Every structure is written in C-alpha cells, then in structure tokens.
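Notes follow the structure.
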Amino acid sequence: MSNVRVRFAPSPTGGLHLGGVRTVLYNYLFAKHHGGTFIVRIEDTDQTRFVPGAEEYIFDCLKWCGIEPDESPLHGGAYGPYRQSERKEQGIYQQYADQLVKDGHAYYAFDTPEELEKMRNDHKTAENPSPQYDHLLRMKMKNSLTLTAEETQQLLAAGTRHVIRIKMPEGETTSFTDMIRGEIKNETSLVDDKVLLKADGMPTYHLAVVVDDHLMQITHAFRGEEWLPSAPVHVLLWKYLFGLDKMPQWAHLPLILGPSGKLSKRDGAKYGFPVFAMNWTDPKNNELTEGFKEKGFLPEAFINLLALLGWNAGTEQELFTKEELISLFSMDRVHSGGAKFDYEKAKWFNHEWIKKLKVESYKLKVKELFTSKGILINDDTAFEKILELVKDRCTLLPDFYEQSVFFFKDPETLDADAVKPKWNADKAAFFSEFVTVLCVIDDWQLPVIENAFKDLATAKNIKPGELQLPLRIMLVGGKFGPPVFVIAETIGKDATIKRINTALAIFAAF
Ligand code: GLU
C-alpha cells in the first residue's frame, strides 16, 4: 500500500446528497488509483445538528455504491477513533487549542450571545451590514486580549462560559496550491476570528479538520468548494501547529449545479428527480426525500454518472466500470467550474448499464419489485430469460415491471382503440379459427406458432402484418413488448388461447 491516505469526512446531519457521494467517489478513486487508503471520519462535533440514523445511512449508501472504506468507525483502523465526538472525549482537541492560546495565535473569548448581538448591531453600517468578530472589533470585546491575565484566569477558574478563537493576523497573505485551481492566496485581514473550540469543549470543524488530518496522516484532502473561504484559517492552523510542509494537498471540488444554481434538495422535489443516494426520512418531520437507489438506478450507473459530474477521461468514452474509473482517475482532469446535473442524461446512463450488465446482476432487485406488487417468481431461469427479452426497453428498474408484467398475468386493460379502426368481421373470423388451430398444437414452439399464424393468414387472404397488432394487443394489452410470437411461446398455450378469447369478446362489441 502506498502512503496516500485520503478521507471522506461527512457530518451526520441528514441524507447524502449527490455532491457528497461525488466527494466520496473522488476520494475513493484517487486512493485506489494510487494504491492508498480510503478513510471515513465522522465529523459529529456539532451536537445541535446531530441527526439520529444519519451515520448508519451514510454507510448504507457507501455500501450500495460499492465503495468500501479501508478505515472508519465501522471498519476500524490504526488511527481511531474515527468519530470526532469520541476523539473529543479523549481530550485530543483541547490540548491543541490550549497550545494555540499559549503561543499567542488564539485567545479566550467570554462574550455572551447578547454581547455578540449588541456588537453586530452597534457596528452595523451600510458598507458593512454584518460586522464580524475580527481584528477591527476584537479589541472592543470581552476576551483574553482585552482583559488582564488575572481577570482572564479568574473567569476561567470560575468556569465562565467561553470559546477559543483564532487570532487572525493583520496584513498577511496565506497561500496554498489547490490541485484543481492552482495557487490560492487570501488576505488574512479579511477573515474573522473563527471559533476553534466551543463552550461545550467541542472543537469546531476548523480545528478538528486540521488536527485530525494531521493525526490520521492524511496526504490529500478533497472537499466541496464551499470550504474555500475557510481555507486561510486552515492554512494558518497548519502553520502554527504542525508546519506547512506537513499540510495535505488540497482540492476543492466544483459545485454540482441544478436547473437553477446550486443543486438542492428542493430542486429534486420541484423537478421530480432524486438528489440523495438513497431514500432518506428526516426523523424531525418524517419528510421523505427520494434516493437514486429506490428510483431504480443501478449502483454501477450511479457512480459512473457521478464520476463524470466534474471529471472526464479526456476521451469520448462515457461508460466506465469502477475498475476503469480507478485506473483512469486523476485530479488534474477535474474541472474547476460547476458541473451541471442533467437528469435525462442520468437516466441514459442507467439505461446503458441495464443493457450492459448481465440481468443476473440485478435480477434480485427486479424480483423484489415484482414481489412487492404481488407477483411471486418461482422459476428463476424463466425470469432471467424474460428480463433479457425486455431489458433494452428499460431505463429505470421499475420499468421492468411495466415492460414484462404481461408475461406473468393477463393484461388488465386492452388498448382497444389501437385495434378498433381496422377491426372487421374477417379479422374476427381469423382469430376464432386461429384459436382452433392453436388448440391442436402439441409442440408449443415459436416457429410452429408463427407458421400456423402465417399459414392461416395466407389461407384467409389477410396480410399477416395486419393481424400482428391485434394479436399483440390481445396478449400484451398495449402496443409494446418483444416480438409477439416470442410472447406467445413464453406465456404458453393456455394463456395465449385464453387472452385471444377474452379480447375477441371485447372486440365483438366494436
Ligand atoms: N464535515 C465537513 C462537511 O461535511 C467535511 C469537509 C471536509 O472534507 O473537510 O462538509
């Protein structure tokens, strides 16, 4: 194994959005491409946003996608614990926050929520509508920079609620090289004094991400571009705590865009497509957000389409197996501009994968679908043959039901309108006689049925082509499905005869 170590660091706050799964995927592909280690670290330090079940859900999604972590709270590993709440219990973060204070890079701040509110109101101007706790205002607040050392000690000794904030330097420039965007520079004076350790002793993301990436020996850190504004804080923390030469190489992944700006959960509801990997029910309000899995996507198609949302192989190829993605993936082919999600294209990927894969690989899922609709499948070999017959017509897995249900039960309705305009007594007579012919066929095979049909048509002087559509409507119910004699052969003699008779009774009323 190489020394490449990457991590996906989700906060367990809800469903796993397309952008989140793409971040996992790029981490995973990069790690596997380099023979490295893929780690999942649960960033659960924000207790107010903790959602029960969200962590299990994340692991279920990864499993469905076929992305197995090498190290995680579930898989173990030598750099645990892999949940930040458990790391906090071990006092890991506090010592680094204390060290930053000692070195003059951070300070204790005792301001109450009311005092913070007052600061925002008092200093609000037209040019600066939301003043920040920064180098301009910190000396007007209640913190260890404005209090004497004794006052500070007294407040600390009395257990006064406080946070630890980074002291952003004035007039410095931070810089780092982003693997996608190149050199990124930031003016430190423009960034506020972010909280590093909260009043409950929990680290904020800013402190925890730096400490954990260091302790877990992360070599490359890929995250969404929404984290770019915080990067100068992280660069400084690396500099103060561990040295810039130890900092992982960063890449900030482009946004995924929906029909109107950044893709959101609301877009899914509005435009009728899934945004989460799997169904997610918010325990707060029982609100269900649909997932790609339940919508009928194959995991192979899902990771393929996600890989191409922001990356390309530099060729025309669009269909990639996971193994191909692993061998071809590189960060320098990830674009910096937003990647537009197109649901029609996503469905195209699924259709292609349904055709590409052996039905055996998704047979069970389709079988479950049939069972949920009350159709029990006993003969697996026959079932596979049927799926094979209709797979070219299916885009999402539930399409298999509509496209093949007539193999398992008589059609509930017949598209009589498709037959009516050209129906006549000759055709009715043909089908009555055809039933008689079918009754005596012993060898129920496609060529025998087809020949009987054609011979009778010739004898009756009707073009077989004119009789095939009515036959299809009789057997299937509508104008779709595989070749009609294949259907007759597959459903068997009794069902074929019964369906023709049922339809004849209906058509007699035309
Ligand atoms: N917990 C952060 C998030 O959920 C992780 C960002 C990162 O990967 O560093 O966005």
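We label chains A, B, ... in the order they appear in the structure tokens, count residues from 1 in each chain, and number ligands from 1 in the order shown.
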
Handout entry: Exercise answer, 9 Å around ligand 1 with only C-alpha atoms and all ligand atoms, as a list in words
Key = Arg7, Phe8, Ala9, Pro10, Ser11, Pro12, Thr13, Gly20, Thr23, Arg41, Ile42, Glu43, Asp44, Tyr205, His206, Val209, Val210, Asp213, Ala221, Phe222, Arg223, Gly224, Glu226 and Trp227 of chain A

Exercise for the section: Might you pull out every residue within 6 Å of range 167-175 of chain A, with only C-alpha atoms counted and same-chain residues fewer than 3 positions away left off, and present them as a PyMOL selection string? Expected result: chain A and resi 105-106+184-189+193+232

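Residue nearest Ile506 in chain A, chosen from A:Glu318, A:Asp426, A:Asp417, A:Asp442 and counting only C-alpha atoms: A:Asp417.
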
Practice task
Please give the complete set of residues from range 252-464 of chain A that DSSP, run on the backbone, assigns to strand (DSSP E or B), formatted as an MDAnalysis selection string.
Solution key: chainID A and resid 252:253 256:258 261:262 276 280:282 287:289 291 311 334 339:340

I need the chosen residues saved as a CSV table (one decimal), in the first residue's frame, with N, CA and C atoms.
```csv
chain,number,residue,atom,x,y,z
A,252,HIS,N,-10.4,21.5,-4.0
A,252,HIS,CA,-11.8,22.0,-3.7
A,252,HIS,C,-12.7,21.7,-4.9
A,253,LEU,N,-13.6,20.7,-4.7
A,253,LEU,CA,-14.3,20.2,-5.8
A,253,LEU,C,-15.4,21.2,-6.3
A,256,ILE,N,-22.1,21.1,-7.7
A,256,ILE,CA,-23.0,20.4,-8.7
A,256,ILE,C,-24.2,21.4,-8.9
A,257,LEU,N,-24.4,21.7,-10.1
A,257,LEU,CA,-25.5,22.7,-10.4
A,257,LEU,C,-26.8,22.0,-10.8
A,258,GLY,N,-27.9,22.5,-10.4
A,258,GLY,CA,-29.2,22.0,-10.8
A,258,GLY,C,-29.8,22.9,-11.8
A,261,GLY,N,-29.0,27.2,-10.5
A,261,GLY,CA,-28.0,27.3,-9.5
A,261,GLY,C,-27.6,26.1,-8.8
A,262,LYS,N,-27.0,26.2,-7.6
A,262,LYS,CA,-26.5,25.0,-6.8
A,262,LYS,C,-27.6,24.0,-6.6
A,276,PHE,N,-30.7,12.6,-3.4
A,276,PHE,CA,-29.9,11.8,-2.4
A,276,PHE,C,-29.6,10.4,-3.0
A,280,TRP,N,-34.2,9.0,2.1
A,280,TRP,CA,-33.9,9.5,3.5
A,280,TRP,C,-35.1,10.1,4.1
A,281,THR,N,-35.5,9.6,5.3
A,281,THR,CA,-36.6,10.1,6.0
A,281,THR,C,-36.1,11.0,7.2
A,282,ASP,N,-36.4,12.2,7.1
A,282,ASP,CA,-35.9,13.1,8.2
A,282,ASP,C,-36.7,12.8,9.5
A,287,GLU,N,-40.3,13.7,6.8
A,287,GLU,CA,-40.3,14.0,5.4
A,287,GLU,C,-39.4,13.1,4.7
A,288,LEU,N,-39.9,12.5,3.6
A,288,LEU,CA,-39.1,11.5,2.8
A,288,LEU,C,-38.5,12.2,1.6
A,289,THR,N,-37.2,12.1,1.4
A,289,THR,CA,-36.6,12.6,0.2
A,289,THR,C,-36.1,11.3,-0.6
A,291,GLY,N,-34.4,8.7,-3.1
A,291,GLY,CA,-33.0,8.4,-3.5
A,291,GLY,C,-32.9,7.7,-4.9
A,311,TRP,N,-15.6,15.5,-13.9
A,311,TRP,CA,-14.3,14.9,-14.4
A,311,TRP,C,-14.6,14.3,-15.7
A,334,VAL,N,-10.2,17.1,-13.2
A,334,VAL,CA,-11.4,17.6,-12.5
A,334,VAL,C,-11.5,19.1,-12.9
A,339,ALA,N,-20.5,21.7,-12.2
A,339,ALA,CA,-20.9,20.7,-13.1
A,339,ALA,C,-22.4,20.6,-13.1
A,340,LYS,N,-23.0,20.6,-14.3
A,340,LYS,CA,-24.4,20.7,-14.4
A,340,LYS,C,-25.0,19.2,-14.3
```

Exercise for the section: Please give the complete set of residues from range 250-444 of chain A that DSSP, run on the backbone, assigns to alpha helix (DSSP H), formatted as JSON, numbers by chain. Expected result: {"A": [265, 266, 267, 268, 269, 270, 271, 292, 293, 294, 295, 299, 300, 301, 302, 303, 304, 305, 306, 307, 322, 323, 324, 325, 326, 327, 328, 343, 344, 345, 346, 347, 348, 349, 350, 351, 352, 353, 354, 355, 356, 363, 364, 365, 366, 367, 368, 369, 370, 371, 372, 380, 381, 382, 383, 384, 385, 386, 387, 388, 389, 390, 399, 400, 401, 402, 403, 404, 425, 426, 427, 428, 429, 430, 431, 432, 433, 434, 435, 436, 437, 438, 439]}

Exercise for the section: Please indicate the distance in Å from CA of Thr146 in chain A to CA of Lys88 in chain A, rounded to one decimal place. Expected result: 28.7 Å

Which residues come within 8 Å of range 399-402 of chain A, counting only C-alpha atoms, excluding same-chain residues fewer than 4 positions away, as a short mmCIF file (atom, residue, chain, number, x, y, z; two decimals) with N, CA and C atoms, in the first residue's frame?
```cif
data_model
loop_
_atom_site.label_atom_id
_atom_site.label_comp_id
_atom_site.auth_asym_id
_atom_site.auth_seq_id
_atom_site.Cartn_x
_atom_site.Cartn_y
_atom_site.Cartn_z
N VAL A 366 -35.10 -6.71 -9.21
CA VAL A 366 -36.33 -6.68 -10.01
C VAL A 366 -37.34 -7.67 -9.41
N LEU A 369 -39.17 -6.16 -6.69
CA LEU A 369 -40.19 -5.25 -7.22
C LEU A 369 -41.46 -6.00 -7.57
N PHE A 370 -41.28 -7.14 -8.22
CA PHE A 370 -42.43 -7.96 -8.60
C PHE A 370 -43.15 -8.46 -7.35
N LEU A 387 -36.42 -11.11 -18.50
CA LEU A 387 -35.73 -9.83 -18.29
C LEU A 387 -34.81 -9.52 -19.47
N VAL A 390 -36.69 -7.98 -22.36
CA VAL A 390 -37.22 -6.61 -22.29
C VAL A 390 -36.19 -5.56 -21.87
N LYS A 391 -34.98 -6.00 -21.51
CA LYS A 391 -34.06 -5.04 -20.89
C LYS A 391 -33.73 -3.83 -21.76
N ARG A 393 -35.64 -2.12 -23.33
CA ARG A 393 -36.73 -1.13 -23.23
C ARG A 393 -36.81 -0.49 -21.86
N CYS A 394 -35.85 -0.81 -20.98
CA CYS A 394 -35.97 -0.31 -19.61
C CYS A 394 -34.91 0.75 -19.29
N THR A 395 -35.36 1.82 -18.68
CA THR A 395 -34.46 2.89 -18.28
C THR A 395 -34.19 2.83 -16.78
#
```
